[in-house]
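Source file: structure.txt (compact mmCIF, N, CA and C atoms)
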```
# COMPACT_ATOMS: atom_id res chain seq x y z
N MET A 1258 -53.51 32.75 -24.71
CA MET A 1258 -53.40 31.90 -23.57
C MET A 1258 -51.98 31.96 -22.99
N PHE A 1259 -50.97 31.61 -23.76
CA PHE A 1259 -49.59 31.68 -23.31
C PHE A 1259 -48.93 32.89 -23.93
N LYS A 1260 -48.17 33.60 -23.14
CA LYS A 1260 -47.42 34.71 -23.69
C LYS A 1260 -46.04 34.21 -24.05
N THR A 1261 -45.55 34.61 -25.18
CA THR A 1261 -44.20 34.20 -25.58
C THR A 1261 -43.22 35.27 -25.17
N ARG A 1262 -42.05 34.82 -24.76
CA ARG A 1262 -40.99 35.73 -24.37
C ARG A 1262 -39.92 35.72 -25.45
N PRO A 1263 -39.27 36.83 -25.64
CA PRO A 1263 -38.16 36.82 -26.59
C PRO A 1263 -37.04 35.94 -26.04
N VAL A 1264 -36.40 35.20 -26.90
CA VAL A 1264 -35.32 34.30 -26.52
C VAL A 1264 -34.01 35.05 -26.63
N SER A 1265 -33.19 34.93 -25.61
CA SER A 1265 -31.88 35.57 -25.64
C SER A 1265 -30.98 34.84 -26.62
N THR A 1266 -30.33 35.58 -27.49
CA THR A 1266 -29.43 34.96 -28.46
C THR A 1266 -28.05 34.71 -27.88
N THR A 1267 -27.79 35.19 -26.69
CA THR A 1267 -26.47 35.00 -26.10
C THR A 1267 -26.14 33.52 -25.94
N LEU A 1268 -27.07 32.74 -25.42
CA LEU A 1268 -26.81 31.32 -25.22
C LEU A 1268 -26.74 30.57 -26.55
N VAL A 1269 -27.50 31.00 -27.52
CA VAL A 1269 -27.50 30.33 -28.80
C VAL A 1269 -26.23 30.63 -29.57
N ILE A 1270 -25.83 31.87 -29.57
CA ILE A 1270 -24.66 32.27 -30.34
C ILE A 1270 -23.37 31.85 -29.66
N ASN A 1271 -23.33 31.97 -28.36
CA ASN A 1271 -22.08 31.80 -27.65
C ASN A 1271 -22.17 30.69 -26.62
N THR A 1272 -22.61 29.52 -27.02
CA THR A 1272 -22.86 28.45 -26.06
C THR A 1272 -21.58 27.97 -25.38
N SER A 1273 -20.46 28.01 -26.05
CA SER A 1273 -19.25 27.48 -25.44
C SER A 1273 -18.83 28.32 -24.24
N ARG A 1274 -19.10 29.63 -24.26
CA ARG A 1274 -18.73 30.47 -23.13
C ARG A 1274 -19.87 30.59 -22.13
N ALA A 1275 -21.10 30.46 -22.56
CA ALA A 1275 -22.23 30.62 -21.67
C ALA A 1275 -22.49 29.38 -20.83
N TRP A 1276 -22.19 28.18 -21.38
CA TRP A 1276 -22.48 26.93 -20.66
C TRP A 1276 -21.81 26.86 -19.30
N PRO A 1277 -20.50 27.12 -19.16
CA PRO A 1277 -19.92 27.05 -17.83
C PRO A 1277 -20.54 28.04 -16.86
N LEU A 1278 -20.96 29.19 -17.36
CA LEU A 1278 -21.54 30.20 -16.49
C LEU A 1278 -22.88 29.75 -15.92
N CYS A 1279 -23.68 29.07 -16.72
CA CYS A 1279 -24.98 28.65 -16.22
C CYS A 1279 -24.88 27.47 -15.26
N ARG A 1280 -23.72 26.83 -15.18
CA ARG A 1280 -23.55 25.71 -14.25
C ARG A 1280 -23.05 26.17 -12.89
N GLN A 1281 -22.65 27.43 -12.76
CA GLN A 1281 -22.14 27.91 -11.49
C GLN A 1281 -23.29 28.11 -10.51
N ARG A 1282 -22.99 27.95 -9.23
CA ARG A 1282 -24.00 28.17 -8.20
C ARG A 1282 -24.20 29.66 -7.99
N ALA A 1283 -25.42 30.01 -7.65
CA ALA A 1283 -25.70 31.40 -7.31
C ALA A 1283 -24.93 31.76 -6.04
N PRO A 1284 -24.47 33.00 -5.90
CA PRO A 1284 -23.67 33.37 -4.74
C PRO A 1284 -24.39 33.18 -3.40
N HIS A 1285 -25.70 33.27 -3.39
CA HIS A 1285 -26.44 33.12 -2.14
C HIS A 1285 -26.71 31.66 -1.79
N ARG A 1286 -26.33 30.72 -2.67
CA ARG A 1286 -26.55 29.31 -2.41
C ARG A 1286 -25.22 28.56 -2.49
N PRO A 1287 -24.43 28.57 -1.42
CA PRO A 1287 -23.14 27.88 -1.47
C PRO A 1287 -23.32 26.37 -1.56
N ALA A 1288 -22.31 25.71 -2.11
CA ALA A 1288 -22.34 24.24 -2.20
C ALA A 1288 -22.32 23.64 -0.81
N ARG A 1289 -23.02 22.52 -0.63
CA ARG A 1289 -23.05 21.85 0.67
C ARG A 1289 -21.70 21.23 1.00
N HIS A 1290 -21.07 20.65 0.01
CA HIS A 1290 -19.80 19.96 0.21
C HIS A 1290 -18.81 20.47 -0.82
N PRO A 1291 -17.53 20.46 -0.49
CA PRO A 1291 -16.54 20.89 -1.49
C PRO A 1291 -16.56 19.97 -2.70
N THR A 1292 -16.18 20.49 -3.84
CA THR A 1292 -16.17 19.67 -5.05
C THR A 1292 -15.03 18.67 -4.96
N ILE A 1293 -15.18 17.55 -5.65
CA ILE A 1293 -14.17 16.50 -5.62
C ILE A 1293 -12.85 17.00 -6.18
N GLY A 1294 -12.90 17.85 -7.21
CA GLY A 1294 -11.67 18.35 -7.80
C GLY A 1294 -10.80 19.10 -6.80
N ALA A 1295 -11.41 19.79 -5.86
CA ALA A 1295 -10.66 20.56 -4.88
C ALA A 1295 -10.21 19.70 -3.71
N MET A 1296 -10.68 18.46 -3.63
CA MET A 1296 -10.42 17.65 -2.45
C MET A 1296 -9.17 16.78 -2.56
N GLN A 1297 -8.59 16.66 -3.72
CA GLN A 1297 -7.38 15.88 -3.91
C GLN A 1297 -7.54 14.45 -3.41
N LEU A 1298 -8.52 13.77 -3.92
CA LEU A 1298 -8.74 12.37 -3.59
C LEU A 1298 -7.92 11.49 -4.52
N THR A 1299 -7.54 10.32 -4.04
CA THR A 1299 -6.85 9.36 -4.88
C THR A 1299 -7.82 8.91 -5.98
N PRO A 1300 -7.41 8.96 -7.25
CA PRO A 1300 -8.33 8.60 -8.34
C PRO A 1300 -8.81 7.15 -8.25
N HIS A 1301 -10.03 6.92 -8.73
CA HIS A 1301 -10.60 5.57 -8.73
C HIS A 1301 -9.70 4.57 -9.48
N GLU A 1302 -9.08 5.02 -10.56
CA GLU A 1302 -8.22 4.12 -11.34
C GLU A 1302 -7.06 3.62 -10.51
N VAL A 1303 -6.49 4.50 -9.69
CA VAL A 1303 -5.38 4.10 -8.82
C VAL A 1303 -5.87 3.11 -7.78
N LEU A 1304 -7.02 3.39 -7.18
CA LEU A 1304 -7.59 2.47 -6.19
C LEU A 1304 -7.85 1.11 -6.83
N GLY A 1305 -8.29 1.10 -8.09
CA GLY A 1305 -8.53 -0.15 -8.80
C GLY A 1305 -7.24 -0.95 -9.02
N ARG A 1306 -6.16 -0.26 -9.37
CA ARG A 1306 -4.88 -0.95 -9.55
C ARG A 1306 -4.41 -1.54 -8.22
N TRP A 1307 -4.56 -0.77 -7.15
CA TRP A 1307 -4.17 -1.27 -5.83
C TRP A 1307 -5.00 -2.48 -5.45
N LEU A 1308 -6.29 -2.44 -5.78
CA LEU A 1308 -7.19 -3.55 -5.46
C LEU A 1308 -6.79 -4.81 -6.24
N LEU A 1309 -6.49 -4.66 -7.52
CA LEU A 1309 -6.05 -5.81 -8.33
C LEU A 1309 -4.76 -6.40 -7.77
N ALA A 1310 -3.78 -5.55 -7.49
CA ALA A 1310 -2.49 -6.02 -6.98
C ALA A 1310 -2.67 -6.71 -5.63
N THR A 1311 -3.47 -6.13 -4.77
CA THR A 1311 -3.66 -6.68 -3.43
C THR A 1311 -4.38 -8.02 -3.47
N LEU A 1312 -5.45 -8.11 -4.26
CA LEU A 1312 -6.16 -9.39 -4.37
C LEU A 1312 -5.25 -10.47 -4.93
N GLY A 1313 -4.41 -10.13 -5.90
CA GLY A 1313 -3.46 -11.11 -6.44
C GLY A 1313 -2.49 -11.60 -5.38
N GLU A 1314 -1.99 -10.67 -4.55
CA GLU A 1314 -1.07 -11.04 -3.46
C GLU A 1314 -1.75 -11.94 -2.44
N MET A 1315 -3.07 -11.75 -2.28
CA MET A 1315 -3.82 -12.52 -1.29
C MET A 1315 -4.35 -13.83 -1.86
N GLY A 1316 -3.89 -14.22 -3.03
CA GLY A 1316 -4.33 -15.48 -3.61
C GLY A 1316 -5.60 -15.36 -4.42
N GLY A 1317 -6.06 -14.14 -4.68
CA GLY A 1317 -7.22 -13.95 -5.54
C GLY A 1317 -8.51 -13.61 -4.83
N ALA A 1318 -8.55 -13.71 -3.51
CA ALA A 1318 -9.80 -13.43 -2.80
C ALA A 1318 -9.51 -12.99 -1.37
N GLY A 1319 -10.46 -12.27 -0.82
CA GLY A 1319 -10.37 -11.86 0.57
C GLY A 1319 -11.61 -11.10 0.98
N SER A 1320 -11.88 -11.06 2.27
CA SER A 1320 -13.03 -10.29 2.76
C SER A 1320 -12.76 -8.81 2.52
N LYS A 1321 -13.82 -8.04 2.44
CA LYS A 1321 -13.68 -6.60 2.24
C LYS A 1321 -12.75 -6.02 3.29
N ARG A 1322 -12.95 -6.36 4.52
CA ARG A 1322 -12.15 -5.82 5.62
C ARG A 1322 -10.67 -6.17 5.47
N SER A 1323 -10.37 -7.44 5.16
CA SER A 1323 -8.97 -7.84 5.05
C SER A 1323 -8.30 -7.21 3.83
N VAL A 1324 -9.04 -7.08 2.73
CA VAL A 1324 -8.47 -6.45 1.53
C VAL A 1324 -8.18 -4.98 1.80
N LEU A 1325 -9.13 -4.27 2.40
CA LEU A 1325 -8.91 -2.85 2.69
C LEU A 1325 -7.77 -2.66 3.68
N ARG A 1326 -7.67 -3.54 4.67
CA ARG A 1326 -6.56 -3.46 5.63
C ARG A 1326 -5.22 -3.63 4.92
N ARG A 1327 -5.14 -4.60 4.02
CA ARG A 1327 -3.90 -4.86 3.28
C ARG A 1327 -3.56 -3.68 2.37
N ILE A 1328 -4.56 -3.09 1.72
CA ILE A 1328 -4.32 -1.92 0.87
C ILE A 1328 -3.76 -0.79 1.71
N GLU A 1329 -4.34 -0.57 2.89
CA GLU A 1329 -3.85 0.51 3.75
C GLU A 1329 -2.42 0.26 4.22
N GLU A 1330 -2.11 -1.00 4.55
CA GLU A 1330 -0.74 -1.32 4.98
C GLU A 1330 0.27 -1.03 3.87
N ARG A 1331 -0.10 -1.42 2.66
CA ARG A 1331 0.85 -1.30 1.55
C ARG A 1331 0.88 0.09 0.93
N TYR A 1332 -0.28 0.72 0.76
CA TYR A 1332 -0.36 1.99 0.03
C TYR A 1332 -0.79 3.17 0.89
N GLY A 1333 -0.95 2.97 2.18
CA GLY A 1333 -1.46 4.02 3.06
C GLY A 1333 -0.67 5.31 3.00
N SER A 1334 0.63 5.23 2.81
CA SER A 1334 1.44 6.45 2.76
C SER A 1334 1.15 7.27 1.50
N GLN A 1335 0.53 6.65 0.49
CA GLN A 1335 0.21 7.37 -0.74
C GLN A 1335 -1.19 7.97 -0.73
N LEU A 1336 -1.99 7.63 0.28
CA LEU A 1336 -3.32 8.20 0.40
C LEU A 1336 -3.21 9.66 0.84
N THR A 1337 -4.13 10.48 0.37
CA THR A 1337 -4.11 11.89 0.72
C THR A 1337 -4.79 12.12 2.07
N GLU A 1338 -4.61 13.29 2.59
CA GLU A 1338 -5.26 13.66 3.85
C GLU A 1338 -6.78 13.59 3.70
N THR A 1339 -7.26 14.03 2.55
CA THR A 1339 -8.70 14.03 2.30
C THR A 1339 -9.26 12.62 2.19
N ASP A 1340 -8.44 11.67 1.71
CA ASP A 1340 -8.89 10.28 1.61
C ASP A 1340 -9.29 9.71 2.97
N HIS A 1341 -8.71 10.24 4.04
CA HIS A 1341 -8.97 9.71 5.38
C HIS A 1341 -10.17 10.37 6.07
N LEU A 1342 -10.80 11.35 5.42
CA LEU A 1342 -11.96 12.00 6.01
C LEU A 1342 -13.19 11.09 5.90
N PRO A 1343 -14.17 11.26 6.79
CA PRO A 1343 -15.38 10.44 6.70
C PRO A 1343 -16.27 10.89 5.54
N GLN A 1344 -16.95 9.95 4.94
CA GLN A 1344 -17.91 10.21 3.88
C GLN A 1344 -19.13 10.86 4.52
N PRO A 1345 -19.62 12.02 4.01
CA PRO A 1345 -20.77 12.68 4.64
C PRO A 1345 -22.02 11.81 4.69
N SER A 1346 -22.22 10.96 3.69
CA SER A 1346 -23.46 10.20 3.61
C SER A 1346 -23.54 9.05 4.61
N ASN A 1347 -22.40 8.39 4.91
CA ASN A 1347 -22.49 7.21 5.77
C ASN A 1347 -21.38 7.12 6.83
N GLY A 1348 -20.46 8.08 6.85
CA GLY A 1348 -19.40 8.07 7.87
C GLY A 1348 -18.23 7.16 7.55
N GLU A 1349 -18.31 6.37 6.49
CA GLU A 1349 -17.21 5.49 6.10
C GLU A 1349 -16.05 6.35 5.59
N VAL A 1350 -14.84 5.90 5.82
CA VAL A 1350 -13.66 6.63 5.36
C VAL A 1350 -13.72 6.72 3.83
N LYS A 1351 -13.41 7.91 3.30
CA LYS A 1351 -13.58 8.16 1.86
C LYS A 1351 -12.86 7.15 0.98
N TRP A 1352 -11.59 6.84 1.26
CA TRP A 1352 -10.86 5.94 0.35
C TRP A 1352 -11.44 4.54 0.39
N GLU A 1353 -11.94 4.11 1.54
CA GLU A 1353 -12.56 2.79 1.63
C GLU A 1353 -13.86 2.76 0.84
N ASN A 1354 -14.66 3.80 0.97
CA ASN A 1354 -15.92 3.90 0.25
C ASN A 1354 -15.67 3.94 -1.26
N ARG A 1355 -14.69 4.73 -1.67
CA ARG A 1355 -14.38 4.85 -3.10
C ARG A 1355 -13.79 3.55 -3.65
N THR A 1356 -13.03 2.81 -2.83
CA THR A 1356 -12.50 1.52 -3.26
C THR A 1356 -13.65 0.52 -3.46
N ALA A 1357 -14.64 0.56 -2.58
CA ALA A 1357 -15.80 -0.32 -2.73
C ALA A 1357 -16.58 0.02 -4.00
N TRP A 1358 -16.71 1.32 -4.32
CA TRP A 1358 -17.38 1.70 -5.56
C TRP A 1358 -16.55 1.27 -6.76
N GLN A 1359 -15.22 1.37 -6.66
CA GLN A 1359 -14.37 0.91 -7.74
C GLN A 1359 -14.51 -0.60 -7.92
N ARG A 1360 -14.65 -1.33 -6.83
CA ARG A 1360 -14.88 -2.77 -6.91
C ARG A 1360 -16.14 -3.05 -7.73
N ASN A 1361 -17.21 -2.27 -7.49
CA ASN A 1361 -18.44 -2.46 -8.26
C ASN A 1361 -18.21 -2.24 -9.75
N ARG A 1362 -17.42 -1.22 -10.10
CA ARG A 1362 -17.10 -0.98 -11.51
C ARG A 1362 -16.32 -2.16 -12.09
N MET A 1363 -15.42 -2.72 -11.29
CA MET A 1363 -14.60 -3.84 -11.74
C MET A 1363 -15.44 -5.11 -11.89
N VAL A 1364 -16.48 -5.25 -11.08
CA VAL A 1364 -17.42 -6.37 -11.25
C VAL A 1364 -18.12 -6.22 -12.59
N LYS A 1365 -18.60 -5.01 -12.90
CA LYS A 1365 -19.28 -4.78 -14.17
C LYS A 1365 -18.35 -4.99 -15.36
N ALA A 1366 -17.05 -4.73 -15.16
CA ALA A 1366 -16.07 -4.93 -16.22
C ALA A 1366 -15.63 -6.40 -16.32
N GLY A 1367 -16.09 -7.24 -15.39
CA GLY A 1367 -15.76 -8.67 -15.44
C GLY A 1367 -14.45 -9.04 -14.77
N LEU A 1368 -13.85 -8.12 -14.01
CA LEU A 1368 -12.57 -8.39 -13.36
C LEU A 1368 -12.73 -9.04 -11.99
N LEU A 1369 -13.86 -8.78 -11.34
CA LEU A 1369 -14.14 -9.37 -10.02
C LEU A 1369 -15.49 -10.06 -10.07
N LYS A 1370 -15.63 -11.08 -9.24
CA LYS A 1370 -16.90 -11.82 -9.16
C LYS A 1370 -17.93 -11.00 -8.38
N PRO A 1371 -19.18 -11.04 -8.82
CA PRO A 1371 -20.23 -10.34 -8.07
C PRO A 1371 -20.58 -11.11 -6.79
N TYR A 1372 -21.21 -10.40 -5.87
CA TYR A 1372 -21.69 -11.06 -4.66
C TYR A 1372 -22.82 -12.01 -5.03
N GLU A 1373 -22.79 -13.20 -4.46
CA GLU A 1373 -23.94 -14.09 -4.59
C GLU A 1373 -24.81 -13.98 -3.35
N ARG A 1374 -24.16 -13.68 -2.23
CA ARG A 1374 -24.89 -13.42 -0.98
C ARG A 1374 -24.06 -12.47 -0.13
N HIS A 1375 -24.69 -11.86 0.83
CA HIS A 1375 -24.02 -10.90 1.69
C HIS A 1375 -22.83 -11.56 2.40
N GLY A 1376 -21.71 -10.87 2.42
CA GLY A 1376 -20.54 -11.39 3.11
C GLY A 1376 -19.59 -12.18 2.23
N ASP A 1377 -19.94 -12.36 0.95
CA ASP A 1377 -19.03 -13.05 0.04
C ASP A 1377 -17.72 -12.28 -0.07
N PRO A 1378 -16.62 -12.98 -0.32
CA PRO A 1378 -15.34 -12.28 -0.47
C PRO A 1378 -15.25 -11.54 -1.80
N TRP A 1379 -14.33 -10.56 -1.82
CA TRP A 1379 -13.98 -9.92 -3.08
C TRP A 1379 -13.05 -10.90 -3.78
N GLU A 1380 -13.36 -11.27 -5.02
CA GLU A 1380 -12.62 -12.34 -5.68
C GLU A 1380 -12.37 -12.03 -7.14
N LEU A 1381 -11.13 -12.29 -7.60
CA LEU A 1381 -10.77 -12.09 -9.00
C LEU A 1381 -11.42 -13.14 -9.89
N THR A 1382 -11.80 -12.74 -11.08
CA THR A 1382 -12.26 -13.66 -12.12
C THR A 1382 -11.04 -14.02 -12.97
N PRO A 1383 -11.17 -14.94 -13.91
CA PRO A 1383 -10.04 -15.21 -14.82
C PRO A 1383 -9.56 -13.93 -15.54
N ALA A 1384 -10.49 -13.06 -15.93
CA ALA A 1384 -10.10 -11.79 -16.56
C ALA A 1384 -9.37 -10.89 -15.56
N GLY A 1385 -9.79 -10.97 -14.29
CA GLY A 1385 -9.10 -10.21 -13.24
C GLY A 1385 -7.68 -10.71 -13.03
N TRP A 1386 -7.50 -12.03 -13.10
CA TRP A 1386 -6.16 -12.60 -12.98
C TRP A 1386 -5.28 -12.15 -14.14
N ALA A 1387 -5.86 -12.12 -15.33
CA ALA A 1387 -5.11 -11.66 -16.51
C ALA A 1387 -4.68 -10.21 -16.34
N ALA A 1388 -5.58 -9.38 -15.84
CA ALA A 1388 -5.25 -7.97 -15.60
C ALA A 1388 -4.19 -7.85 -14.51
N HIS A 1389 -4.28 -8.70 -13.50
CA HIS A 1389 -3.27 -8.71 -12.43
C HIS A 1389 -1.90 -9.05 -12.98
N ARG A 1390 -1.84 -10.06 -13.86
CA ARG A 1390 -0.54 -10.47 -14.43
C ARG A 1390 0.07 -9.35 -15.27
N VAL A 1391 -0.77 -8.56 -15.94
CA VAL A 1391 -0.27 -7.41 -16.71
C VAL A 1391 0.23 -6.33 -15.75
N LEU A 1392 -0.53 -6.12 -14.68
CA LEU A 1392 -0.19 -5.08 -13.71
C LEU A 1392 1.06 -5.43 -12.90
N VAL A 1393 1.17 -6.69 -12.51
CA VAL A 1393 2.29 -7.14 -11.68
C VAL A 1393 2.98 -8.30 -12.41
N PRO A 1394 3.83 -7.99 -13.40
CA PRO A 1394 4.47 -9.06 -14.15
C PRO A 1394 5.37 -9.92 -13.24
N GLY A 1395 5.40 -11.20 -13.53
CA GLY A 1395 6.26 -12.10 -12.76
C GLY A 1395 5.63 -12.62 -11.48
N GLN A 1396 4.46 -12.11 -11.11
CA GLN A 1396 3.78 -12.61 -9.91
C GLN A 1396 2.49 -13.26 -10.35
N ASP A 1397 2.45 -14.55 -10.33
CA ASP A 1397 1.24 -15.28 -10.69
C ASP A 1397 0.74 -15.98 -9.44
N GLY A 1398 -0.27 -15.39 -8.80
CA GLY A 1398 -0.77 -15.91 -7.54
C GLY A 1398 -1.54 -17.20 -7.68
N ARG A 1399 -1.89 -17.61 -8.89
CA ARG A 1399 -2.69 -18.82 -9.07
C ARG A 1399 -1.83 -20.03 -9.16
```

Can the structure in the file be given as structure tokens, please?
Amino acid sequence: MFKTRPVSTTLVINTSRAWPLCRQRAPHRPARHPTIGAMQLTPHEVLGRWLLATLGEMGGAGSKRSVLRRIEERYGSQLTETDHLPQPSNGEVKWENRTAWQRNRMVKAGLLKPYERHGDPWELTPAGWAAHRVLVPGQDGR
């Protein structure tokens, strides 16, 4: 019923060298978008530190728009050229989109309060305040 094929021993014997090769795209199928590694985007961790520092300066809370505006005023010169490009999926500026995703990670980590309803401000939790105090010693916004 089923015919069996001989299994190549190359992948079994030499998996450490074969694995990267099997992940490459075929030459006739180019990637739709450049890889993130080649784009020189500001790392999520950096965006998270900026978000913590900015929220602390703002008294612990602020609307998405006002927080992003303040981050751009303070750290805009450190953003890369690629950070200012539009996101292919929704047209939002890449660094703003990535900061919003970092906010979601920080909510899961307990540093920011989750939304209870649409339009709620981005707000530090007590753990977020503690992280802010470590990040920005001597500035206690509370």

Mind pulling up the distance from atom CA of Arg1355 of chain A to atom CA of Val1303 of chain A?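 Atom-to-atom, atom CA of Val1303 of chain A to atom CA of Arg1355 of chain A, that is 10.7 Å.
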
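Relative to atom CA of Glu1302 of chain A, atom CA of Gln1359 of chain A is found at 7.8 Å.
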
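Shortest separation to Glu1338 of chain A among A:Leu1325, A:Ala1384, A:Val1350, A:Met1363 occurs at residue A:Val1350, atoms counted being only C-alpha atoms.
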
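Using all atoms listed in the file, the smallest distance between any of A:His1389, A:His1375, A:Thr1356, A:Arg1331 and His1301 of chain A comes from A:Thr1356.
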
So which bits of segment 1354-1384 of chain A end up helix (DSSP H, G or I) when you DSSP the backbone, as a list in words?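 Matching residues for helix (DSSP H, G or I) in segment 1354-1384 of chain A are Asn1354, Arg1355, Thr1356, Ala1357, Trp1358, Gln1359, Arg1360, Asn1361, Arg1362, Met1363, Val1364, Lys1365, Pro1383 and Ala1384 of chain A.
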
Can you tell me, as a list of chain:residue names, what residues are no more than 8 Å from Leu1392 of chain A when counting all atoms listed in the file, ignoring any on the same chain fewer than 5 positions away? A:Arg1306, A:Leu1309, A:Ala1310, A:Trp1386, A:Ala1387

Can you pull out every residue within 6.5 Å of Leu1381 of chain A, counting only N, CA and C atoms, but drop anything in the same chain fewer than 4 positions away, and send it as a list in words?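 Returned residues: Gly1317, Ala1318, Leu1368, Leu1369, Lys1370, Gly1385 and Trp1386 of chain A.
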
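Taking atom C of Glu1330 of chain A and atom CA of Asp1377 of chain A as the two end points, the separation is 23.1 Å.
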
Using only C-alpha atoms, pick whichever of A:Gly1305, A:Pro1378, A:Gly1367, A:Gly1395 has the shortest atom-to-atom distance to Trp1352 of chain A.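 The shortest atom-to-atom distance to Trp1352 of chain A comes from A:Gly1305.
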
What would the list of residues within 8 Å of (-15.4, 8.6, 1.1) (file frame) look like as an NGL selection string, if all atoms listed in the file are what count? :A and (1339-1356)

For segment 1305-1320 of chain A, where the input has fewer atoms than it should, I would like N, CA, C and O atoms rebuilt and written as a PDB file, in the frame of the given file.
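Written file, out07.pdb:
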```
ATOM      1  N   GLY A1305      -8.290   1.100  -8.090  1.00  0.00           N
ATOM      2  CA  GLY A1305      -8.530  -0.150  -8.800  1.00  0.00           C
ATOM      3  C   GLY A1305      -7.240  -0.950  -9.020  1.00  0.00           C
ATOM      4  O   GLY A1305      -7.228  -2.171  -8.872  1.00  0.00           O
ATOM      5  N   ARG A1306      -6.160  -0.260  -9.370  1.00  0.00           N
ATOM      6  CA  ARG A1306      -4.880  -0.950  -9.550  1.00  0.00           C
ATOM      7  C   ARG A1306      -4.410  -1.540  -8.220  1.00  0.00           C
ATOM      8  O   ARG A1306      -3.917  -2.670  -8.171  1.00  0.00           O
ATOM      9  N   TRP A1307      -4.560  -0.770  -7.150  1.00  0.00           N
ATOM     10  CA  TRP A1307      -4.170  -1.270  -5.830  1.00  0.00           C
ATOM     11  C   TRP A1307      -5.000  -2.480  -5.450  1.00  0.00           C
ATOM     12  O   TRP A1307      -4.495  -3.449  -4.878  1.00  0.00           O
ATOM     13  N   LEU A1308      -6.290  -2.440  -5.780  1.00  0.00           N
ATOM     14  CA  LEU A1308      -7.190  -3.550  -5.460  1.00  0.00           C
ATOM     15  C   LEU A1308      -6.790  -4.810  -6.240  1.00  0.00           C
ATOM     16  O   LEU A1308      -6.707  -5.904  -5.663  1.00  0.00           O
ATOM     17  N   LEU A1309      -6.490  -4.660  -7.520  1.00  0.00           N
ATOM     18  CA  LEU A1309      -6.050  -5.810  -8.330  1.00  0.00           C
ATOM     19  C   LEU A1309      -4.760  -6.400  -7.770  1.00  0.00           C
ATOM     20  O   LEU A1309      -4.642  -7.615  -7.609  1.00  0.00           O
ATOM     21  N   ALA A1310      -3.780  -5.550  -7.490  1.00  0.00           N
ATOM     22  CA  ALA A1310      -2.490  -6.020  -6.980  1.00  0.00           C
ATOM     23  C   ALA A1310      -2.670  -6.710  -5.630  1.00  0.00           C
ATOM     24  O   ALA A1310      -2.097  -7.781  -5.393  1.00  0.00           O
ATOM     25  N   THR A1311      -3.470  -6.130  -4.770  1.00  0.00           N
ATOM     26  CA  THR A1311      -3.660  -6.680  -3.430  1.00  0.00           C
ATOM     27  C   THR A1311      -4.380  -8.020  -3.470  1.00  0.00           C
ATOM     28  O   THR A1311      -3.978  -8.974  -2.801  1.00  0.00           O
ATOM     29  N   LEU A1312      -5.450  -8.110  -4.260  1.00  0.00           N
ATOM     30  CA  LEU A1312      -6.160  -9.390  -4.370  1.00  0.00           C
ATOM     31  C   LEU A1312      -5.250 -10.470  -4.930  1.00  0.00           C
ATOM     32  O   LEU A1312      -5.292 -11.616  -4.478  1.00  0.00           O
ATOM     33  N   GLY A1313      -4.410 -10.130  -5.900  1.00  0.00           N
ATOM     34  CA  GLY A1313      -3.460 -11.110  -6.440  1.00  0.00           C
ATOM     35  C   GLY A1313      -2.490 -11.600  -5.380  1.00  0.00           C
ATOM     36  O   GLY A1313      -2.206 -12.798  -5.279  1.00  0.00           O
ATOM     37  N   GLU A1314      -1.990 -10.670  -4.550  1.00  0.00           N
ATOM     38  CA  GLU A1314      -1.070 -11.040  -3.460  1.00  0.00           C
ATOM     39  C   GLU A1314      -1.750 -11.940  -2.440  1.00  0.00           C
ATOM     40  O   GLU A1314      -1.104 -12.756  -1.794  1.00  0.00           O
ATOM     41  N   MET A1315      -3.070 -11.750  -2.280  1.00  0.00           N
ATOM     42  CA  MET A1315      -3.820 -12.520  -1.290  1.00  0.00           C
ATOM     43  C   MET A1315      -4.350 -13.830  -1.860  1.00  0.00           C
ATOM     44  O   MET A1315      -5.180 -14.479  -1.235  1.00  0.00           O
ATOM     45  N   GLY A1316      -3.890 -14.220  -3.030  1.00  0.00           N
ATOM     46  CA  GLY A1316      -4.330 -15.480  -3.610  1.00  0.00           C
ATOM     47  C   GLY A1316      -5.600 -15.360  -4.420  1.00  0.00           C
ATOM     48  O   GLY A1316      -6.205 -16.370  -4.782  1.00  0.00           O
ATOM     49  N   GLY A1317      -6.060 -14.140  -4.680  1.00  0.00           N
ATOM     50  CA  GLY A1317      -7.220 -13.950  -5.540  1.00  0.00           C
ATOM     51  C   GLY A1317      -8.510 -13.610  -4.830  1.00  0.00           C
ATOM     52  O   GLY A1317      -9.488 -13.259  -5.487  1.00  0.00           O
ATOM     53  N   ALA A1318      -8.550 -13.710  -3.510  1.00  0.00           N
ATOM     54  CA  ALA A1318      -9.800 -13.430  -2.800  1.00  0.00           C
ATOM     55  C   ALA A1318      -9.510 -12.990  -1.370  1.00  0.00           C
ATOM     56  O   ALA A1318      -8.474 -13.323  -0.801  1.00  0.00           O
ATOM     57  N   GLY A1319     -10.460 -12.270  -0.820  1.00  0.00           N
ATOM     58  CA  GLY A1319     -10.370 -11.860   0.570  1.00  0.00           C
ATOM     59  C   GLY A1319     -11.610 -11.100   0.980  1.00  0.00           C
ATOM     60  O   GLY A1319     -12.328 -10.560   0.118  1.00  0.00           O
ATOM     61  N   SER A1320     -11.880 -11.060   2.270  1.00  0.00           N
ATOM     62  CA  SER A1320     -13.030 -10.290   2.760  1.00  0.00           C
ATOM     63  C   SER A1320     -12.760  -8.810   2.520  1.00  0.00           C
ATOM     64  O   SER A1320     -11.611  -8.379   2.392  1.00  0.00           O
TER      65      SER A1320
END
```
